[in-house]
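Structure file start-v4.cif (mmCIF, C-alpha atoms and all ligand atoms) is printed below.
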```cif
data_query
loop_
_atom_site.label_atom_id
_atom_site.label_comp_id
_atom_site.auth_asym_id
_atom_site.auth_seq_id
_atom_site.Cartn_x
_atom_site.Cartn_y
_atom_site.Cartn_z
CA MET A 1 13.63 -22.18 28.51
CA ARG A 2 10.48 -21.10 30.30
CA LEU A 3 9.23 -17.72 29.09
CA GLU A 4 6.84 -15.32 30.79
CA GLY A 5 4.91 -12.91 28.61
CA SER A 6 2.17 -10.32 28.84
CA CYS A 7 0.37 -7.72 26.78
CA TYR A 8 0.88 -4.03 27.49
CA CYS A 9 -2.24 -3.71 29.71
CA LYS A 10 -1.58 -7.03 31.52
CA ALA A 11 -5.07 -8.37 30.78
CA VAL A 12 -3.36 -11.28 29.01
CA ARG A 13 -0.49 -13.07 30.74
CA PHE A 14 1.08 -16.29 29.68
CA SER A 15 4.01 -18.58 30.12
CA VAL A 16 5.31 -21.08 27.63
CA THR A 17 8.34 -23.31 27.07
CA SER A 18 10.61 -22.60 24.12
CA HIS A 19 13.58 -24.64 22.92
CA THR A 20 14.13 -22.03 20.19
CA PRO A 21 14.06 -18.70 22.06
CA TYR A 22 16.57 -16.61 20.08
CA PRO A 23 14.81 -13.61 18.47
CA TYR A 24 17.01 -13.66 15.38
CA MET A 25 14.52 -13.22 12.56
CA ARG A 26 13.09 -9.88 11.49
CA CYS A 27 10.09 -10.04 9.20
CA TYR A 28 9.34 -7.00 7.07
CA CYS A 29 6.03 -8.29 5.63
CA SER A 30 3.10 -5.91 5.78
CA ALA A 31 1.28 -7.95 8.45
CA CYS A 32 4.25 -7.85 10.83
CA ARG A 33 5.07 -4.24 10.03
CA LYS A 34 1.54 -2.97 10.56
CA THR A 35 0.44 -5.08 13.50
CA ALA A 36 3.61 -5.63 15.49
CA GLY A 37 6.50 -3.73 13.99
CA SER A 38 6.55 0.03 14.30
CA GLY A 39 10.27 -0.11 13.57
CA GLY A 40 9.45 -1.75 10.27
CA PHE A 41 9.59 -5.43 11.19
CA GLY A 42 8.08 -8.02 13.49
CA CYS A 43 10.08 -10.65 15.33
CA ASN A 44 8.67 -14.03 16.29
CA ILE A 45 10.20 -16.86 18.24
CA MET A 46 8.80 -20.41 18.42
CA ALA A 47 7.41 -22.18 21.50
CA GLU A 48 5.62 -25.40 22.44
CA ALA A 49 1.85 -24.92 22.24
CA ALA A 50 1.15 -27.77 24.68
CA SER A 51 3.14 -25.99 27.38
CA LEU A 52 1.12 -22.77 27.21
CA GLU A 53 -0.38 -21.47 30.45
CA LEU A 54 -2.68 -18.55 29.85
CA ALA A 55 -4.65 -15.99 31.89
CA GLY A 56 -6.99 -13.54 30.22
CA GLU A 57 -7.94 -15.67 27.24
CA ALA A 58 -11.37 -13.99 27.10
CA GLU A 59 -9.64 -10.72 26.21
CA MET A 60 -7.88 -12.26 23.23
CA ARG A 61 -8.96 -11.99 19.61
CA PHE A 62 -7.25 -13.02 16.43
CA HIS A 63 -7.08 -11.89 12.87
CA HIS A 64 -6.02 -14.08 9.98
CA GLY A 65 -2.93 -13.76 7.90
CA TYR A 66 -3.43 -13.10 4.21
CA GLU A 67 -1.92 -14.30 0.98
CA HIS A 68 -1.76 -11.89 -1.89
CA ASP A 69 -3.46 -13.13 -5.07
CA PRO A 70 -1.44 -11.54 -7.89
CA ASP A 71 -4.16 -12.26 -10.46
CA THR A 72 -6.86 -10.26 -8.74
CA ASP A 73 -4.73 -8.16 -6.35
CA ALA A 74 -7.01 -9.50 -3.60
CA LEU A 75 -5.95 -10.49 -0.13
CA VAL A 76 -7.04 -14.04 0.60
CA GLU A 77 -7.30 -15.15 4.21
CA ASN A 78 -5.04 -18.01 5.19
CA GLU A 79 -5.30 -20.27 8.22
CA ASN A 80 -2.65 -18.48 10.22
CA ARG A 81 -4.16 -16.88 13.33
CA ARG A 82 -2.48 -13.82 14.77
CA TYR A 83 -3.64 -13.28 18.33
CA PHE A 84 -3.78 -9.90 20.04
CA CYS A 85 -5.21 -8.31 23.19
CA SER A 86 -8.58 -6.70 22.51
CA ARG A 87 -8.01 -4.12 25.25
CA CYS A 88 -4.59 -2.74 24.39
CA GLY A 89 -3.92 -4.13 20.92
CA SER A 90 -0.65 -5.86 21.74
CA ALA A 91 0.25 -8.51 19.18
CA LEU A 92 0.76 -11.71 21.21
CA TRP A 93 1.53 -14.67 19.00
CA ALA A 94 0.77 -16.40 15.75
CA HIS A 95 -0.64 -19.91 15.58
CA ASP A 96 -1.47 -22.03 12.59
CA PRO A 97 -3.87 -24.97 12.99
CA ARG A 98 -1.89 -26.79 10.28
CA TRP A 99 1.07 -26.94 12.71
CA PRO A 100 -0.74 -27.11 16.05
CA GLN A 101 2.30 -28.05 18.13
CA TRP A 102 3.81 -24.55 17.86
CA ILE A 103 2.96 -21.01 18.78
CA TYR A 104 5.06 -18.09 17.56
CA PRO A 105 5.18 -15.40 20.24
CA PHE A 106 6.19 -11.91 19.25
CA ALA A 107 9.46 -11.26 21.02
CA GLY A 108 8.22 -7.85 22.18
CA VAL A 109 5.63 -9.31 24.57
CA ILE A 110 8.08 -11.68 26.26
CA ASP A 111 9.08 -10.31 29.68
CA THR A 112 11.77 -12.89 30.39
CA PRO A 113 15.08 -11.61 29.01
CA LEU A 114 15.65 -13.44 25.75
CA PRO A 115 19.15 -14.46 24.66
CA ARG A 116 20.81 -12.13 22.18
CA PRO A 117 21.19 -13.82 18.79
CA PRO A 118 24.65 -14.19 17.21
CA GLU A 119 23.21 -13.46 13.76
CA ILE A 120 20.16 -11.56 12.48
CA VAL A 121 18.14 -12.88 9.54
CA HIS A 122 16.11 -10.30 7.61
CA ILE A 123 13.19 -11.74 5.63
CA MET A 124 10.39 -10.56 3.34
CA LEU A 125 12.56 -7.68 2.15
CA ASP A 126 10.40 -7.37 -0.97
CA PHE A 127 7.82 -5.80 1.32
CA ALA A 128 10.04 -3.60 3.48
CA ALA A 129 9.00 0.02 3.82
CA PRO A 130 11.43 2.34 1.97
CA TRP A 131 12.30 4.32 5.10
CA VAL A 132 13.57 1.26 6.98
CA ALA A 133 17.36 1.05 7.25
CA ILE A 134 18.27 -2.62 6.96
CA PRO A 135 21.58 -3.55 8.57
CA ARG A 136 24.14 -5.15 6.22
CA GLY A 137 27.49 -6.75 6.70
CA GLU A 138 28.79 -9.43 8.99
CA GLY A 139 26.20 -11.01 11.24
CA HIS A 140 23.30 -10.20 8.92
CA ARG A 141 21.64 -12.44 6.31
CA HIS A 142 19.00 -11.28 3.86
CA PHE A 143 16.08 -12.87 2.03
CA GLN A 144 13.63 -11.21 -0.32
CA ARG A 145 10.92 -13.65 0.72
CA TYR A 146 11.13 -16.71 2.98
CA PRO A 147 14.43 -17.78 4.61
CA ASP A 148 16.31 -20.93 3.64
CA GLU A 149 15.96 -22.62 7.02
CA SER A 150 13.33 -23.03 9.71
CA ILE A 151 13.56 -21.56 13.20
CA LEU A 152 14.51 -25.03 14.43
CA GLU A 153 17.22 -25.44 11.77
CA TRP A 154 18.69 -22.03 12.54
CA HIS A 155 18.99 -22.88 16.24
CA ARG A 156 20.56 -26.25 15.41
CA ARG A 157 23.08 -24.73 13.00
CA HIS A 158 24.24 -22.33 15.70
CA GLY A 159 24.33 -25.04 18.37
CA LEU A 160 21.62 -23.20 20.27
CA TYR A 161 18.76 -25.70 20.14
CA GLU A 162 17.78 -26.53 23.70
CA GLY A 163 15.18 -29.23 23.19
CA PRO A 164 14.93 -32.99 22.97
CA THR A 165 16.72 -34.58 20.03
CA ASP A 166 14.75 -36.72 17.64
ZN ZN B 201 -3.75 -5.93 26.82
ZN ZN B 202 5.81 -11.10 8.71
#
```

Now, as a test, write the supplied structure out as structure tokens.
Amino acid sequence: MRLEGSCYCKAVRFSVTSHTPYPYMRCYCSACRKTAGSGGFGCNIMAEAASLELAGEAEMRFHHGYEHDPDTDALVENENRRYFCSRCGSALWAHDPRWPQWIYPFAGVIDTPLPRPPEIVHIMLDFAAPWVAIPRGEGHRHFQRYPDESILEWHRRHGLYEGPTD
């Protein structure tokens, strides 16, 4: 599926191909909540980095993700790069040089209508803000930290993977 995306001020526009376009995963970690999730969570999909077409790259900046060091309570930068528009602040996508074939666009900056997921997976609930109401019941799965399957595996399990088979 070809996706068009843009930041709020339109300085950054992009298109990218995704075989895994369902925005099913809500991440309540502090990075997603503070940078891209005013409702309490961020939502990323996964797309093919090699297919990215981009206008406005000069306006883009990135910040790193962090790991929490429980021994020192320090935040330690990791290699994950979280790109945003320097003009309007829109969170655009995450990219990790350790897995260069993927980018992880935030669903909120995709302008193409994304398919509605048949199930929502809530992750990083250990870090959810106390005011966030987390849906329970049928159609919702919950993880205190990382989920038990990748974005690719989730799409395959639901018969929704659209890409080449390997
Ligand atoms: Zn912008
Ligand atoms: Zn997160």

Query raised in the report: Using only C-alpha atoms and all ligand atoms, which protein or nucleic acid residues are at most 8 Å from ligand ZN 202 (chain B), as a list in words?
Result: Arg26, Cys27, Tyr28, Cys29, Ser30, Ala31, Cys32, Arg33, Phe41, Gly42, Cys43 and Met124 of chain A

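The shortest atom-to-atom distance to Cys9 (chain A), with only C-alpha atoms taken into account, belongs to A:Cys88 out of A:Cys88, A:Leu152, A:Ala58, A:Ile110.
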
Query raised in the report: Counting only C-alpha atoms and all ligand atoms, which of A:Arg141, A:Arg136, A:Lys34, A:Arg87 gets nearest to ligand ZN 201 (chain B)?
Result: A:Arg87

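Using all atoms listed in the file, the smallest distance between any of A:Ala91, A:Leu3, A:Ala107, A:Ala128 and ligand ZN 201 (chain B) comes from A:Ala91.
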
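Selection of all polymer residues within 7 Å of ligand ZN 201 (chain B) on the basis of all atoms listed in the file gives Cys7, Tyr8, Cys9, Lys10, Ala11, Val12, Cys85, Ser86, Arg87, Cys88, Gly89 and Ser90 of chain A.
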
Report summary line: Counting only C-alpha atoms, the residue among A:His122, A:His140, A:Arg81, A:His158 that lies closest to Met60 (chain A) is A:Arg81

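Restricting the calculation to all atoms listed in the file, the smallest distance between Tyr161 (chain A) and any of A:His19, A:His142, A:His68, A:Arg2 is found for A:His19.
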
Could you work out an axis-aligned box for region 41-60 of chain A, taking every atom the file lists and adding 8 Å on each side, and report centre and edge lengths in Å to one decimal, as JSON?
```
{"center_x": -0.6, "center_y": -16.6, "center_z": 21.5, "size_x": 37.6, "size_y": 38.3, "size_z": 36.7}
```

Report task. Would you list the contacts of region 98-106 of chain A as an MDAnalysis selection string, taking every protein, DNA or RNA residue within 8 Å and counting all atoms listed in the file, but skipping same-chain residues closer than 4 positions in sequence? Result -> chainID A and resid 36 42:50 79 91:94 110

Query - Residue neighbourhood Asn80 (chain A), 7 Å, all atoms listed in the file, exclusion window fewer than 5 positions, as a VMD selection string - result: chain A and resid 64 to 65 94 to 96

Using C-alpha atoms, can you write the selected residues to a file as a PDB file, keeping the file's coordinate frame?
```pdb
ATOM      1  CA  HIS A  64      -6.020 -14.080   9.980  1.00  0.00           C
ATOM      2  CA  GLY A  65      -2.930 -13.760   7.900  1.00  0.00           C
ATOM      3  CA  ALA A  94       0.770 -16.400  15.750  1.00  0.00           C
ATOM      4  CA  HIS A  95      -0.640 -19.910  15.580  1.00  0.00           C
ATOM      5  CA  ASP A  96      -1.470 -22.030  12.590  1.00  0.00           C
TER       6      ASP A  96
END
```
